[in-house]
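Beneath this line is the structure, given in structure tokens, with notes to follow.
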Amino acid sequence: MVSVTIKNLTKTYGTTVAVKDLNLKIKDGEFFIFLGPSGCGKTTTLLCIAGLIKPDKGDLWLGNELVTSAERDIYVTPQKREVAMVFQDYAIYPHMTVFKNIAFPLEVRGEDKHEIVERVTTTAKLLGISQLLDRKPRQLSGGQRQRVALGRAIVRKPKVFLLDEPLANLDAKLRVKTRTELKKLQLELDVTTIYVTHDQVEAMTMADRIMVQKDGIAEQIGTPHELYNHPANLFVAGFIGSPEMNFTDCTLIKEGKRLWLDAKEFKILMPVEVVPKLKSYVGEDLIMGIRPEDLYERESIKEGTQKNAFRITVDVIEPVGPYLLLHLRKGCLSLVARVKHTRARIGQEVSIEMDRSKIHIFDKKTTKAIL
Amino acid sequence: MRIPKLRRVTLYILLVFLAFLFLLPLWTNITTSFKTLKDVTYTTPIEPPLTPTTEPLITAFNIMQRPLLNSLTFTVASTILSCLLGSINGYILTKIRFKGSNIVFLFFTIGIFIPYQAILVPLVLTISKLGLYNHVGGLILTHTAYGIPITTLLFRNFYALIPDSVIMAAKTDGAGTWTIYRRIVLPLSLLPFVVAGVFQFTSIWNDFLFGVALARGPWSMPASVALANLKGTTTVMWNLLMAGTLWYALPVLVIYLVLAKYLMRGFMAGAVKG
């Protein structure tokens, strides 16, 4: 069990920048997730940690050992790193039985025969695949193959555990089940784990901390709570959360000591405590964001009387089960609200109130969060 | 699809006729092998022998015995060596990849297109400088070298189908380049070995040019050359020649019959992405 430290990591393929100047410290025993859309450089980063590709620039430490340094020409081969990896397609050796697959890393290391049998058996039991040990991979289902790949990774007790979209090829039901099991397994084994996914729900439910990556750049690093409640920029705000956060262009208008947020179709009086933060942005082009669950349907209000509510037409109602999604439209403004129940019908106007403490404001030019 | 009865009968008649046509040379080959020289003159090739005899077969075997052994030795050795080297090349070219590996591969493929005749003189000189003229070793070396381009191509195309992640997984599991080849790549290579093996075996076995250029002595002469010599200088003894041909064709025939089912699969492999 070690920490993983990445300094100024850069990797380019031709003219495409896969990872750009990445700095990161992953703590001992942490469950860390690289999250981002495909092609954002998360797998490249993982392969650099595994030693399977050499970065163009930057240093990489596993614990206190410098394993990669482009500048100092240090490169420890993947064989010598105490790192295990699970691949998206599982990469099981097709000609070997399940037993042989799991035993492979131990056999290659020249472990004692009895020790190998014992450890493979224990690992198989832990993953619930004891009855499959004599089978060949082609006789296994996707979920079982995934377990074999996991078994092969954990059997050698690695210091760092790398997982590249391990659940992507499973069906939805199995994915949710395996998610929980994987989280439990990680707590049990207490191994530093780096996990790559493009699925924000997976990331939010499993991670201790998440790094959101886009075009090779780390957009934000933080706990799921931080990412959800305090997104650093427009991309993170939009990427995390489902249904996604509502965005609309707006400006700030000063009125005495108070600030009004003007989004054309509605006006909101901002709370006093945020005024100091926003003062300098009066008149600038801004984008406001509000999550669907921070919009509430209210008893009818009169237009203009409320300072944090407005009237808007219901476009579509989507019953999801535990809640409803109201798709709202007024002029060119469209919003989604998540509500428990509604009396509104499609085409009707409803009153919507927003939780003003949950409003996010972003600079339109830099896309950085202001509030 | 159901074929109407009449059409099916017609189809079968046509197919049997064609099969008969294709097998006719083999039939005349066999009948002539069992004929005395007198029968050869008095009967048509299609007719069975009047007084069947095994003498031509025995005589041909006695003459061909040593050349057949020579051929078998260098054919088996060159087939194994060229396949093994082609396999290693294919592995390195697809899974290790180094700077300029594409250019190296290009040179390999150019090797396929160089006609034998173009290099014959330098080849004979090189082999005799090496002291391998009139020696089975010279043929092993030549056929191995000449086989490498085509086997490399075959194995490279097959190994391109093995996912890179399998190799990467083996690396993180602690396996080095050679261990990965021995324990992962080689056990997965049965199919290309059969395809390349059959291809190499038949083309090396059937080769005449290198044999006649490099090994004419009795201890190294290939069966193909010995067969040509059976013809004689003034009169052609057809029964002896046909008997020799039968002996000569036997090993290739056996190989085909044994490996036919793998071969069919091998030719199909890679046609459809799995």
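Please note that chains go A, B, ... in the order of the structure tokens, that every chain numbers its residues from 1, and that ligands are numbered from 1 in the order shown.
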Could you list, as an mmCIF file with N, CA and C atoms, in the first residue's frame, every residue of chain A that has an atom within 10 Å of an atom of chain B, counting only C-alpha atoms?
data_model
loop_
_atom_site.group_PDB
_atom_site.id
_atom_site.type_symbol
_atom_site.label_atom_id
_atom_site.label_comp_id
_atom_site.auth_asym_id
_atom_site.auth_seq_id
_atom_site.Cartn_x
_atom_site.Cartn_y
_atom_site.Cartn_z
ATOM 1 N N LEU A 47 -2.118 4.237 -17.778
ATOM 2 C CA LEU A 47 -1.070 3.425 -18.403
ATOM 3 C C LEU A 47 0.323 3.951 -18.045
ATOM 4 N N ALA A 50 1.050 2.562 -14.668
ATOM 5 C CA ALA A 50 1.388 1.143 -14.778
ATOM 6 C C ALA A 50 2.762 0.936 -15.404
ATOM 7 N N GLY A 51 3.251 1.972 -16.093
ATOM 8 C CA GLY A 51 4.537 1.838 -16.778
ATOM 9 C C GLY A 51 4.388 1.252 -18.162
ATOM 10 N N LEU A 52 3.168 1.154 -18.637
ATOM 11 C CA LEU A 52 2.945 0.554 -19.959
ATOM 12 C C LEU A 52 3.200 1.552 -21.084
ATOM 13 N N ILE A 53 3.141 2.840 -20.761
ATOM 14 C CA ILE A 53 3.621 3.825 -21.730
ATOM 15 C C ILE A 53 4.511 4.829 -21.003
ATOM 16 N N THR A 77 10.278 -0.798 -15.357
ATOM 17 C CA THR A 77 9.365 -1.527 -16.250
ATOM 18 C C THR A 77 8.111 -1.978 -15.492
ATOM 19 N N PRO A 78 7.011 -2.164 -16.214
ATOM 20 C CA PRO A 78 5.769 -2.585 -15.534
ATOM 21 C C PRO A 78 5.953 -3.885 -14.748
ATOM 22 N N GLN A 79 6.835 -4.753 -15.241
ATOM 23 C CA GLN A 79 7.064 -6.024 -14.555
ATOM 24 C C GLN A 79 7.579 -5.816 -13.138
ATOM 25 N N LYS A 80 8.339 -4.727 -12.947
ATOM 26 C CA LYS A 80 8.975 -4.514 -11.647
ATOM 27 C C LYS A 80 8.186 -3.583 -10.748
ATOM 28 N N ARG A 81 7.094 -3.002 -11.268
ATOM 29 C CA ARG A 81 6.264 -2.155 -10.417
ATOM 30 C C ARG A 81 5.272 -3.049 -9.697
ATOM 31 N N GLU A 82 5.018 -2.763 -8.452
ATOM 32 C CA GLU A 82 4.052 -3.581 -7.715
ATOM 33 C C GLU A 82 2.646 -3.060 -7.996
ATOM 34 N N VAL A 83 2.301 -3.097 -9.273
ATOM 35 C CA VAL A 83 1.043 -2.515 -9.714
ATOM 36 C C VAL A 83 0.256 -3.571 -10.484
ATOM 37 N N ALA A 84 -1.021 -3.722 -10.157
ATOM 38 C CA ALA A 84 -1.851 -4.672 -10.908
ATOM 39 C C ALA A 84 -2.922 -3.902 -11.649
ATOM 40 N N MET A 85 -3.294 -4.413 -12.795
ATOM 41 C CA MET A 85 -4.252 -3.666 -13.604
ATOM 42 C C MET A 85 -5.361 -4.579 -14.128
ATOM 43 N N VAL A 86 -6.575 -4.033 -14.140
ATOM 44 C CA VAL A 86 -7.710 -4.731 -14.754
ATOM 45 C C VAL A 86 -8.121 -3.920 -15.975
ATOM 46 N N PHE A 87 -8.191 -4.589 -17.123
ATOM 47 C CA PHE A 87 -8.474 -3.883 -18.364
ATOM 48 C C PHE A 87 -9.964 -3.919 -18.685
ATOM 49 N N GLN A 88 -10.370 -2.971 -19.512
ATOM 50 C CA GLN A 88 -11.784 -2.860 -19.866
ATOM 51 C C GLN A 88 -12.305 -4.135 -20.532
ATOM 52 N N ASP A 89 -11.481 -4.740 -21.413
ATOM 53 C CA ASP A 89 -11.909 -5.986 -22.067
ATOM 54 C C ASP A 89 -11.446 -7.214 -21.275
ATOM 55 N N TYR A 90 -11.029 -6.989 -20.040
ATOM 56 C CA TYR A 90 -10.591 -8.024 -19.085
ATOM 57 C C TYR A 90 -9.247 -8.642 -19.425
ATOM 58 N N ALA A 91 -8.926 -8.762 -20.727
ATOM 59 C CA ALA A 91 -7.621 -9.286 -21.150
ATOM 60 C C ALA A 91 -7.261 -10.578 -20.438
ATOM 61 N N ILE A 92 -8.212 -11.503 -20.391
ATOM 62 C CA ILE A 92 -7.936 -12.816 -19.810
ATOM 63 C C ILE A 92 -7.193 -13.645 -20.842
ATOM 64 N N TYR A 93 -6.273 -14.492 -20.375
ATOM 65 C CA TYR A 93 -5.532 -15.341 -21.308
ATOM 66 C C TYR A 93 -6.462 -16.453 -21.784
ATOM 67 N N PRO A 94 -6.826 -16.450 -23.066
ATOM 68 C CA PRO A 94 -7.905 -17.329 -23.528
ATOM 69 C C PRO A 94 -7.573 -18.821 -23.498
ATOM 70 N N HIS A 95 -6.288 -19.172 -23.524
ATOM 71 C CA HIS A 95 -5.937 -20.594 -23.576
ATOM 72 C C HIS A 95 -5.745 -21.203 -22.195
ATOM 73 N N MET A 96 -5.849 -20.381 -21.154
ATOM 74 C CA MET A 96 -5.620 -20.901 -19.803
ATOM 75 C C MET A 96 -6.943 -21.048 -19.061
ATOM 76 N N ILE A 102 -5.468 -16.940 -12.907
ATOM 77 C CA ILE A 102 -5.235 -16.260 -11.635
ATOM 78 C C ILE A 102 -3.833 -16.574 -11.114
ATOM 79 N N ALA A 103 -3.367 -17.804 -11.415
ATOM 80 C CA ALA A 103 -2.050 -18.208 -10.911
ATOM 81 C C ALA A 103 -0.907 -17.572 -11.690
ATOM 82 N N PHE A 104 -1.212 -17.097 -12.895
ATOM 83 C CA PHE A 104 -0.151 -16.617 -13.792
ATOM 84 C C PHE A 104 0.836 -15.631 -13.158
ATOM 85 N N PRO A 105 0.341 -14.547 -12.540
ATOM 86 C CA PRO A 105 1.306 -13.598 -11.961
ATOM 87 C C PRO A 105 2.186 -14.224 -10.875
ATOM 88 N N LEU A 106 1.648 -15.218 -10.169
ATOM 89 C CA LEU A 106 2.441 -15.871 -9.124
ATOM 90 C C LEU A 106 3.468 -16.814 -9.747
ATOM 91 N N GLU A 107 3.034 -17.533 -10.782
ATOM 92 C CA GLU A 107 3.945 -18.470 -11.452
ATOM 93 C C GLU A 107 5.108 -17.731 -12.095
ATOM 94 N N VAL A 108 4.781 -16.603 -12.733
ATOM 95 C CA VAL A 108 5.827 -15.814 -13.376
ATOM 96 C C VAL A 108 6.855 -15.346 -12.353
ATOM 97 N N ARG A 109 6.382 -15.070 -11.147
ATOM 98 C CA ARG A 109 7.282 -14.623 -10.094
ATOM 99 C C ARG A 109 7.993 -15.781 -9.404
ATOM 100 N N ALA A 149 -10.508 -11.500 -14.042
ATOM 101 C CA ALA A 149 -9.545 -10.409 -14.220
ATOM 102 C C ALA A 149 -9.230 -9.745 -12.880
ATOM 103 N N ARG A 152 -7.017 -12.112 -10.824
ATOM 104 C CA ARG A 152 -5.634 -12.113 -11.286
ATOM 105 C C ARG A 152 -4.898 -10.884 -10.759
ATOM 106 N N ALA A 153 -5.643 -9.801 -10.590
ATOM 107 C CA ALA A 153 -5.012 -8.567 -10.108
ATOM 108 C C ALA A 153 -4.774 -8.603 -8.597
ATOM 109 N N ARG A 156 -1.857 -11.268 -6.229
ATOM 110 C CA ARG A 156 -0.444 -11.020 -5.913
ATOM 111 C C ARG A 156 -0.250 -9.899 -4.909
ATOM 112 N N PRO A 158 -0.937 -6.479 -4.797
ATOM 113 C CA PRO A 158 -0.161 -5.361 -5.332
ATOM 114 C C PRO A 158 -0.223 -4.157 -4.395
#
Spatial neighbours of range 129-133 of chain B, 9 Å, only C-alpha atoms, chain gap at least 6 places, as a PyMOL selection string: chain B and resi 139+214-215
Skipping near chain neighbours, those fewer than 3 positions away, what residues fall within 7 Å of Ile204 in chain B using only C-alpha atoms, listed as a count of residues only? 5
Computed interatomic separation between CA of Leu163 in chain A and CA of Ile194 in chain A (Å):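 Atom-to-atom, CA of Leu163 in chain A and CA of Ile194 in chain A are spaced 6.2 Å apart.
Near Thr12 in chain A, within 10 Å and counting only C-alpha atoms, sit Ala18, Val19, Lys20, Gly41, Thr44, Pro55, Asp56, Lys57 and Gly216 of chain A; same-chain residues fewer than 6 positions away were not included.
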Take the selection from the previous step and output its residues with C-alpha atoms, as a CSV table (one decimal), in the first residue's frame.
chain,number,residue,atom,x,y,z
A,18,ALA,CA,-3.4,13.2,-24.2
A,19,VAL,CA,-2.3,14.4,-20.8
A,20,LYS,CA,-1.1,17.9,-20.1
A,41,GLY,CA,-6.6,11.3,-21.2
A,44,THR,CA,-3.3,7.3,-20.8
A,55,PRO,CA,5.3,10.0,-20.7
A,56,ASP,CA,7.1,12.8,-22.6
A,57,LYS,CA,7.5,14.8,-19.5
A,216,GLY,CA,-5.8,16.0,-20.9
Long-range neighbours of Thr94 in chain B as an MDAnalysis selection string, 9 Å cut-off, only C-alpha atoms, 5 positions minimum in chain: chainID B and resid 89 101 156:157 159:160 164
Keeping only C-alpha atoms, write the selected residues as a compact mmCIF listing (two decimals), in the first residue's frame.
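Generated file (part.txt):
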# COMPACT_ATOMS: atom_id res chain seq x y z
CA ASN B 89 9.18 -11.81 -35.99
CA SER B 101 9.59 -1.53 -37.16
CA ARG B 156 2.10 -10.77 -38.09
CA ASN B 157 -1.42 -10.66 -39.48
CA TYR B 159 -0.94 -11.64 -34.00
CA ALA B 160 -2.52 -8.32 -34.91
CA ASP B 164 -2.82 -5.44 -26.99
Determine which residues of range 73-261 of chain B DSSP labels as alpha helix (DSSP H) from the backbone of this structure, then write them out as a count of residues only. 134
Distance query range 229-235 of chain A at most 8 Å, only C-alpha atoms, self and fewer than 5 positions along chain excluded, as a PyMOL selection string: chain A and resi 219-220+362+367-369
N, CA and C atoms of the current selection, written as a CSV table (one decimal), in the first residue's frame:
chain,number,residue,atom,x,y,z
A,219,GLU,N,-9.6,19.1,-14.6
A,219,GLU,CA,-10.5,20.2,-14.4
A,219,GLU,C,-10.8,20.5,-12.9
A,220,GLN,N,-10.9,19.4,-12.1
A,220,GLN,CA,-11.1,19.6,-10.7
A,220,GLN,C,-10.7,18.3,-10.0
A,362,PHE,N,-21.0,31.4,-13.0
A,362,PHE,CA,-19.7,31.2,-13.7
A,362,PHE,C,-19.4,32.3,-14.6
A,367,THR,N,-15.1,30.5,-17.9
A,367,THR,CA,-15.9,29.3,-17.5
A,367,THR,C,-15.7,28.9,-16.0
A,368,LYS,N,-14.9,29.7,-15.3
A,368,LYS,CA,-14.5,29.4,-13.9
A,368,LYS,C,-15.7,29.8,-13.0
A,369,ALA,N,-15.8,29.1,-11.9
A,369,ALA,CA,-16.9,29.3,-11.0
A,369,ALA,C,-16.6,30.6,-10.2
Residues near range 291-300 of chain A, anyone? I mean within 8 Å using only C-alpha atoms, not counting same-chain ones fewer than 2 positions away, as a list in words. Pro243, Glu244, Met245, Asn246, Gly289, Lys302, Leu335, Val336, Ala337, Arg338, Val339, Thr342, Val350, Ser351, Ile352, Glu353, Met354, Asp355 and Lys358 of chain A
If you run DSSP on the backbone, which residues of range 158-347 of chain A are strand (DSSP E), as a VMD selection string? chain A and resid 160 to 164 192 to 197 209 to 214 217 to 222 246 to 255 258 to 262 267 to 269 286 to 290 295 to 298 309 to 319 324 to 330 333 to 339
When you count only C-alpha atoms, which of these residues is closest to Thr152 in chain B: B:Leu85, B:Leu23, B:Val198, B:Leu230?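 Using only C-alpha atoms, the shortest distance to Thr152 in chain B belongs to B:Leu85.
Closest to Gly244 in chain B among B:Asp39, B:Phe61, B:Pro218, B:Leu18 is B:Phe61, based on only C-alpha atoms.
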